[in-house]
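Scroll down for the structure; my scribbles are underneath it.
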Amino acid sequence: MFRRQAAWAAIGTVALLLSGTPAANAVEGQAPDVRWANSVSDDLGTLAVGISSDSAITDIKARIVSAATQQEVAVVEMDAFALFSGTPEDGVWHTKQPLDLADLGSYTVRVEATDADGDRTTDNSAGSLAYYVAAVFEDVRTDRAEIDIDHRQVRVDGTLKGRWPATRELKPLTDHPVDLDVDYWTESTVRTDADGNFSGTVTVNGAVPVQAVYRHANEHPYVLYGESPSTQIGVRQVATRWAVEAPSEARTIDLGQEVTLTATLERETPQGWVPFEGQSGGVLFEPSGGGQFASVGYFTTGEDGRISFTHAPWETGSFHVASHSDDPFIAPATADSARITVLRASAFNSFSATRTHGGVHVEGAMDFPDGWTPATIPVHIQYSGDGKEWTDLLTTEATWSGSGYAFAADIPDAGRRYFRAHFEATESFRAATSEAVKASR
């Protein structure tokens, strides 16, 4: 007996030398990891459990404990579960049928899991079961899809039911509060009748969604939140327009001259277009060249819808009138007046013609009294035999001389004629013509 034991001891020693120490190389099985347990969100009576391990899960036992009494009310065995997703080694398990518990409420779930290696884990706080009735809305509808300035009331009808966790059966929820939300704010609260039907009216003041919502009520503690799909309500705006009475036609004025704008705001009605009272807005004068606009004034229309403003524009452009409202039911309106051409003054301060050997020397000076000058100042020297019919001889340019815009030119073989200087009108300046003179010695 001893010899045999000694032999086995020797063999064990050799094996130990070859393989290393047992403490360093032995591999123990991994116990299952119960990751979580809870109700399926859209099927509250169904229990879902997430478990992973290094070998297939072979047994699951879930103990359902009342959160209120801490008493165990049910035990769910392995045969009640089926693999819902993943693998037996790392998967999610669902109960095949909803749990049938005596009472609604919250429950703690304790889970025992065993894998194919025989390793076992017990998690006494794996998760919770929300064993509640889910609020479900059916056939929620509004009586109109669009509102207008005179019809802002929207009626909302529908049915509120509850899905029971044990059977998934939908049953009407009687005498339950239903919030009618406009743009996600509660505007009215109504209650369901014996069949779960409800009806209510809300005031809608814009293009916003309308929705029926069930929120937690202390009188019904085991019915969870629910909401209907939202219905987008549109807005049909009142059409408005401007009728510009003056200036009704294009006109030309001098810089500094005032122009009066008159216009009437109108709204469309079944009887036609009528003056629109109490609407706000403003008037600008906008340069045709796209420069800086000028603010003319602000207004609120009176009973006749009419406005009037006087303005002295500083460059060519038109009045732009616009009305707006904080009321989304009223459409904005804009209009432009006829074009106002603004011309700045130009004048000749002096002009002379003097005979020279073989010709005539002309010279003079211009002034632009409004303080603006053209980029270039072309001056046309003209002649006439009788002082009535004029012909261009040449064109020169007036330039700043320190006291004015001076010009000069020599005209060969001029003869005994009348002479004058002429500045042609531009988009911004009026024309000017000097006095006609005969050349002197």
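Ordered as shown in the structure tokens, chains take letters A, B, and onward, while each chain numbers its residues from 1 and ligands are numbered from 1 in the order shown.
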
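Look at Glu363 in chain A: the protein and nucleic acid residues within 10 Å of it, using only C-alpha atoms and passing over chain neighbours fewer than 5 places away, are Ser350, Phe351, Ser352, Ala353, Thr354, Ile381, Ala398, Ala406, Phe407, Ala408, Ala409, Asp410, Arg420 and Ala421 of chain A.
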
Go ahead and dump the residues you just picked, N, CA, C and O atoms, as a PDB file, in the first residue's frame.
ATOM      1  N   SER A 350     -20.397 132.107 -64.468  1.00  0.00           N
ATOM      2  CA  SER A 350     -19.821 133.081 -65.415  1.00  0.00           C
ATOM      3  C   SER A 350     -19.539 132.381 -66.732  1.00  0.00           C
ATOM      4  O   SER A 350     -19.362 131.150 -66.781  1.00  0.00           O
ATOM      5  N   PHE A 351     -19.531 133.181 -67.801  1.00  0.00           N
ATOM      6  CA  PHE A 351     -19.118 132.673 -69.114  1.00  0.00           C
ATOM      7  C   PHE A 351     -18.728 133.878 -69.969  1.00  0.00           C
ATOM      8  O   PHE A 351     -19.435 134.896 -69.995  1.00  0.00           O
ATOM      9  N   SER A 352     -17.590 133.765 -70.657  1.00  0.00           N
ATOM     10  CA  SER A 352     -17.133 134.856 -71.529  1.00  0.00           C
ATOM     11  C   SER A 352     -16.487 134.275 -72.776  1.00  0.00           C
ATOM     12  O   SER A 352     -16.021 133.126 -72.773  1.00  0.00           O
ATOM     13  N   ALA A 353     -16.476 135.087 -73.828  1.00  0.00           N
ATOM     14  CA  ALA A 353     -15.824 134.713 -75.097  1.00  0.00           C
ATOM     15  C   ALA A 353     -14.979 135.901 -75.548  1.00  0.00           C
ATOM     16  O   ALA A 353     -15.509 137.013 -75.695  1.00  0.00           O
ATOM     17  N   THR A 354     -13.712 135.688 -75.788  1.00  0.00           N
ATOM     18  CA  THR A 354     -12.786 136.768 -76.142  1.00  0.00           C
ATOM     19  C   THR A 354     -12.061 136.403 -77.420  1.00  0.00           C
ATOM     20  O   THR A 354     -11.554 135.276 -77.561  1.00  0.00           O
ATOM     21  N   ILE A 381     -19.468 123.463 -75.373  1.00  0.00           N
ATOM     22  CA  ILE A 381     -19.402 124.820 -75.924  1.00  0.00           C
ATOM     23  C   ILE A 381     -20.195 124.820 -77.224  1.00  0.00           C
ATOM     24  O   ILE A 381     -19.917 124.030 -78.136  1.00  0.00           O
ATOM     25  N   ALA A 398     -15.056 120.804 -66.712  1.00  0.00           N
ATOM     26  CA  ALA A 398     -14.877 121.754 -65.625  1.00  0.00           C
ATOM     27  C   ALA A 398     -14.228 121.041 -64.445  1.00  0.00           C
ATOM     28  O   ALA A 398     -14.612 119.930 -64.093  1.00  0.00           O
ATOM     29  N   ALA A 406     -14.093 125.480 -62.834  1.00  0.00           N
ATOM     30  CA  ALA A 406     -13.746 126.318 -63.982  1.00  0.00           C
ATOM     31  C   ALA A 406     -13.468 125.478 -65.219  1.00  0.00           C
ATOM     32  O   ALA A 406     -13.088 124.308 -65.127  1.00  0.00           O
ATOM     33  N   PHE A 407     -13.672 126.123 -66.371  1.00  0.00           N
ATOM     34  CA  PHE A 407     -13.390 125.480 -67.659  1.00  0.00           C
ATOM     35  C   PHE A 407     -12.921 126.547 -68.636  1.00  0.00           C
ATOM     36  O   PHE A 407     -13.193 127.742 -68.466  1.00  0.00           O
ATOM     37  N   ALA A 408     -12.226 126.152 -69.675  1.00  0.00           N
ATOM     38  CA  ALA A 408     -11.750 127.074 -70.714  1.00  0.00           C
ATOM     39  C   ALA A 408     -11.463 126.266 -71.971  1.00  0.00           C
ATOM     40  O   ALA A 408     -11.166 125.069 -71.908  1.00  0.00           O
ATOM     41  N   ALA A 409     -11.549 126.957 -73.116  1.00  0.00           N
ATOM     42  CA  ALA A 409     -11.262 126.293 -74.384  1.00  0.00           C
ATOM     43  C   ALA A 409     -10.935 127.357 -75.440  1.00  0.00           C
ATOM     44  O   ALA A 409     -11.407 128.500 -75.356  1.00  0.00           O
ATOM     45  N   ASP A 410     -10.130 127.001 -76.429  1.00  0.00           N
ATOM     46  CA  ASP A 410      -9.812 127.869 -77.560  1.00  0.00           C
ATOM     47  C   ASP A 410     -10.471 127.319 -78.802  1.00  0.00           C
ATOM     48  O   ASP A 410     -10.366 126.123 -79.105  1.00  0.00           O
ATOM     49  N   ARG A 420     -22.104 130.021 -76.089  1.00  0.00           N
ATOM     50  CA  ARG A 420     -22.635 129.737 -74.755  1.00  0.00           C
ATOM     51  C   ARG A 420     -22.094 128.376 -74.286  1.00  0.00           C
ATOM     52  O   ARG A 420     -21.585 127.579 -75.086  1.00  0.00           O
ATOM     53  N   ALA A 421     -22.245 128.114 -72.976  1.00  0.00           N
ATOM     54  CA  ALA A 421     -21.842 126.814 -72.398  1.00  0.00           C
ATOM     55  C   ALA A 421     -23.093 126.069 -71.905  1.00  0.00           C
ATOM     56  O   ALA A 421     -24.024 126.700 -71.369  1.00  0.00           O
TER      57      ALA A 421
END

Practice task
Excluding Pro412 in chain A and residues on its chain fewer than 3 positions from it, collect all residues at most 8 Å away from it, counting only C-alpha atoms, and give them as a list in words.
Solution key: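 My list of contacting residues is Gly358, Gly359 and Val360 of chain A.
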
For N, CA, C and O atoms, I'd like the residues from the last selection saved as a short mmCIF file (atom, residue, chain, number, x, y, z; two decimals), in the first residue's frame.
data_model
loop_
_atom_site.label_atom_id
_atom_site.label_comp_id
_atom_site.auth_asym_id
_atom_site.auth_seq_id
_atom_site.Cartn_x
_atom_site.Cartn_y
_atom_site.Cartn_z
N GLY A 358 -6.59 134.63 -84.48
CA GLY A 358 -6.96 133.42 -85.20
C GLY A 358 -8.09 132.63 -84.58
O GLY A 358 -8.39 131.53 -85.01
N GLY A 359 -8.77 133.16 -83.54
CA GLY A 359 -9.85 132.38 -82.95
C GLY A 359 -10.53 133.10 -81.80
O GLY A 359 -10.46 134.32 -81.66
N VAL A 360 -11.19 132.29 -80.95
CA VAL A 360 -11.92 132.79 -79.79
C VAL A 360 -11.55 131.96 -78.58
O VAL A 360 -11.47 130.73 -78.66
#

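Distance annotation: of A:Gly317, A:Pro165, A:Gly305, A:Pro275, the residue with the minimal separation from Asp43 in chain A is A:Pro165; atom set is only C-alpha atoms.
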
Exercise for the section: Mind giving me the straight-line distance from CA of Pro172 in chain A to CA of Asp193 in chain A in Å, one decimal? Expected result: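 About the pair CA of Pro172 in chain A and CA of Asp193 in chain A: they are 8.9 Å apart.
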
Exercise for the section: Looking only at strand (DSSP E) from DSSP on the backbone, list the matching residues of range 227-351 of chain A as JSON, numbers by chain. Expected result: {"A": [227, 231, 232, 234, 235, 240, 241, 242, 243, 244, 245, 246, 251, 252, 253, 254, 259, 260, 261, 262, 263, 264, 265, 266, 267, 268, 269, 272, 273, 274, 275, 280, 281, 282, 283, 284, 285, 286, 287, 294, 295, 296, 297, 298, 299, 300, 306, 307, 308, 309, 310, 311, 317, 318, 319, 320, 321, 322, 323, 324, 333, 334, 335, 336, 340, 341, 342, 343, 347, 348, 349, 350, 351]}

Handout entry: Contacts of range 58-65 of chain A at 10 Å (only C-alpha atoms; same-chain gap of 2+ positions) as a ChimeraX atom specification
Key = /A:37,47,49,51,55-56,67-81,88-89,93,99,101,106-118,120-124,126,128-129

Exercise for the section: Write out as a list in words the residues lying within 12 Å of Glu169 in chain A, counting only C-alpha atoms and excluding same-chain residues fewer than 4 positions away. Expected result: Asp43, Leu44, Gly45, Pro98, Val133, Ala134, Ala135, Val136, Lys161, Gly162, Arg163, Trp164 and Pro165 of chain A

Handout entry: Test item: residues at most 8 Å from His176 in chain A, only C-alpha atoms, excluding those fewer than 2 positions along its chain, as number ranges by chain
Key = A: 173-174, 178, 191-192, 196, 220

What would the file look like if the residues just selected were written as a PDB file, in the first residue's frame with N, CA and C atoms?
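The result, written out as again-v2.pdb:
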ATOM      1  N   LEU A 173     -61.087  53.213 -20.449  1.00  0.00           N
ATOM      2  CA  LEU A 173     -60.783  53.803 -19.148  1.00  0.00           C
ATOM      3  C   LEU A 173     -61.865  54.836 -18.841  1.00  0.00           C
ATOM      4  N   THR A 174     -62.700  54.516 -17.891  1.00  0.00           N
ATOM      5  CA  THR A 174     -63.852  55.342 -17.556  1.00  0.00           C
ATOM      6  C   THR A 174     -63.490  56.406 -16.532  1.00  0.00           C
ATOM      7  N   VAL A 178     -58.239  63.597 -19.304  1.00  0.00           N
ATOM      8  CA  VAL A 178     -57.470  63.684 -20.537  1.00  0.00           C
ATOM      9  C   VAL A 178     -57.128  65.156 -20.768  1.00  0.00           C
ATOM     10  N   ARG A 191     -62.898  64.696 -19.197  1.00  0.00           N
ATOM     11  CA  ARG A 191     -62.938  63.352 -18.599  1.00  0.00           C
ATOM     12  C   ARG A 191     -63.648  62.402 -19.546  1.00  0.00           C
ATOM     13  N   THR A 192     -63.257  61.143 -19.470  1.00  0.00           N
ATOM     14  CA  THR A 192     -63.834  60.124 -20.344  1.00  0.00           C
ATOM     15  C   THR A 192     -65.178  59.666 -19.807  1.00  0.00           C
ATOM     16  N   GLY A 196     -64.991  55.317 -22.412  1.00  0.00           N
ATOM     17  CA  GLY A 196     -63.649  55.858 -22.619  1.00  0.00           C
ATOM     18  C   GLY A 196     -63.588  57.001 -23.616  1.00  0.00           C
ATOM     19  N   HIS A 220     -55.965  57.374 -10.076  1.00  0.00           N
ATOM     20  CA  HIS A 220     -55.729  56.153 -10.860  1.00  0.00           C
ATOM     21  C   HIS A 220     -54.222  55.878 -10.867  1.00  0.00           C
TER      22      HIS A 220
END

Exercise for the section: Would you kindly return, as a PyMOL selection string, each protein, DNA or RNA residue with an atom no farther than 8 Å from any atom of Gly404 in chain A, considering only C-alpha atoms and excluding same-chain residues fewer than 4 positions away? Expected result: chain A and resi 365-367+399-400

Those residues you just picked out, can you put them in a file as a CSV table (one decimal), in the first residue's frame with all heavy atoms?
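Output file selection32.csv follows:
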chain,number,residue,atom,x,y,z
A,365,ALA,N,-17.2,129.4,-65.3
A,365,ALA,CA,-17.2,128.6,-64.1
A,365,ALA,C,-18.6,128.1,-63.7
A,365,ALA,O,-19.6,128.8,-64.0
A,365,ALA,CB,-16.7,129.4,-62.9
A,366,MET,N,-18.7,126.9,-63.1
A,366,MET,CA,-20.0,126.3,-62.7
A,366,MET,C,-20.1,126.2,-61.2
A,366,MET,O,-19.1,126.2,-60.5
A,366,MET,CB,-20.2,124.9,-63.3
A,366,MET,CG,-20.5,124.9,-64.8
A,366,MET,SD,-21.1,123.3,-65.3
A,366,MET,CE,-22.7,123.3,-64.6
A,367,ASP,N,-21.3,126.1,-60.8
A,367,ASP,CA,-21.6,125.9,-59.3
A,367,ASP,C,-22.7,124.8,-59.2
A,367,ASP,O,-23.6,124.7,-60.0
A,367,ASP,CB,-22.1,127.2,-58.7
A,367,ASP,CG,-22.3,127.1,-57.2
A,367,ASP,OD1,-21.5,126.2,-56.6
A,367,ASP,OD2,-23.1,127.7,-56.6
A,399,THR,N,-13.3,121.7,-63.8
A,399,THR,CA,-12.6,121.1,-62.7
A,399,THR,C,-12.5,122.2,-61.6
A,399,THR,O,-12.6,123.4,-61.8
A,399,THR,CB,-11.1,120.7,-63.1
A,399,THR,OG1,-10.4,121.8,-63.6
A,399,THR,CG2,-11.2,119.5,-64.1
A,400,TRP,N,-12.2,121.7,-60.4
A,400,TRP,CA,-12.2,122.6,-59.2
A,400,TRP,C,-11.0,123.5,-59.3
A,400,TRP,O,-9.9,123.1,-59.5
A,400,TRP,CB,-12.1,121.7,-57.9
A,400,TRP,CG,-12.0,122.5,-56.7
A,400,TRP,CD1,-11.0,122.6,-55.8
A,400,TRP,CD2,-13.0,123.4,-56.1
A,400,TRP,NE1,-11.3,123.5,-54.8
A,400,TRP,CE2,-12.5,124.0,-55.0
A,400,TRP,CE3,-14.3,123.7,-56.6
A,400,TRP,CZ2,-13.3,124.8,-54.2
A,400,TRP,CZ3,-15.1,124.6,-55.8
A,400,TRP,CH2,-14.6,125.1,-54.6

Exercise for the section: Could you check which of A:Ala207, A:Ser53, A:Gln97, A:Ser125 is closest to Trp36 in chain A, using only C-alpha atoms? Expected result: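 Between A:Ala207, A:Ser53, A:Gln97, A:Ser125, the residue approaching Trp36 in chain A most closely is A:Ser125.
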
Handout entry: Residue with smallest distance to Ser228 in chain A - pool A:Ala432, A:Val156, A:Val202, A:Leu170, counting only C-alpha atoms
Key =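 Closest residue, counting only C-alpha atoms: A:Val156.
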
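Using only C-alpha atoms for every distance, the candidate list A:Gly127, A:Glu286, A:Ala312, A:Ser66 yields A:Gly127 as the residue closest to Val34 in chain A.
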
Fill in the blank from the handout: Min atom-atom distance to Ile340 in chain A from the set A:Ser188, A:Ser428, A:Thr269, A:Thr300, counting only C-alpha atoms, belongs to A:Ser428

Handout entry: Near-Ala331 in chain A list (10 Å; only C-alpha atoms; drop same-chain fewer than 5 positions) as a PyMOL selection string
Key = chain A and resi 236-241+267+323-326

Exercise for the section: Compare A:His320, A:Ala130, A:Glu249, A:Pro270 by their minimum atom-to-atom distance to Gly282 in chain A, counting only C-alpha atoms, and give me the closest one. Expected result: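 Nearest candidate to Gly282 in chain A out of A:His320, A:Ala130, A:Glu249, A:Pro270: A:His320.
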
Problem - CA of Phe299 in chain A to CA of Leu261 in chain A, straight-line distance in Å - result: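 Between CA of Leu261 in chain A and CA of Phe299 in chain A the gap works out to 12.8 Å.
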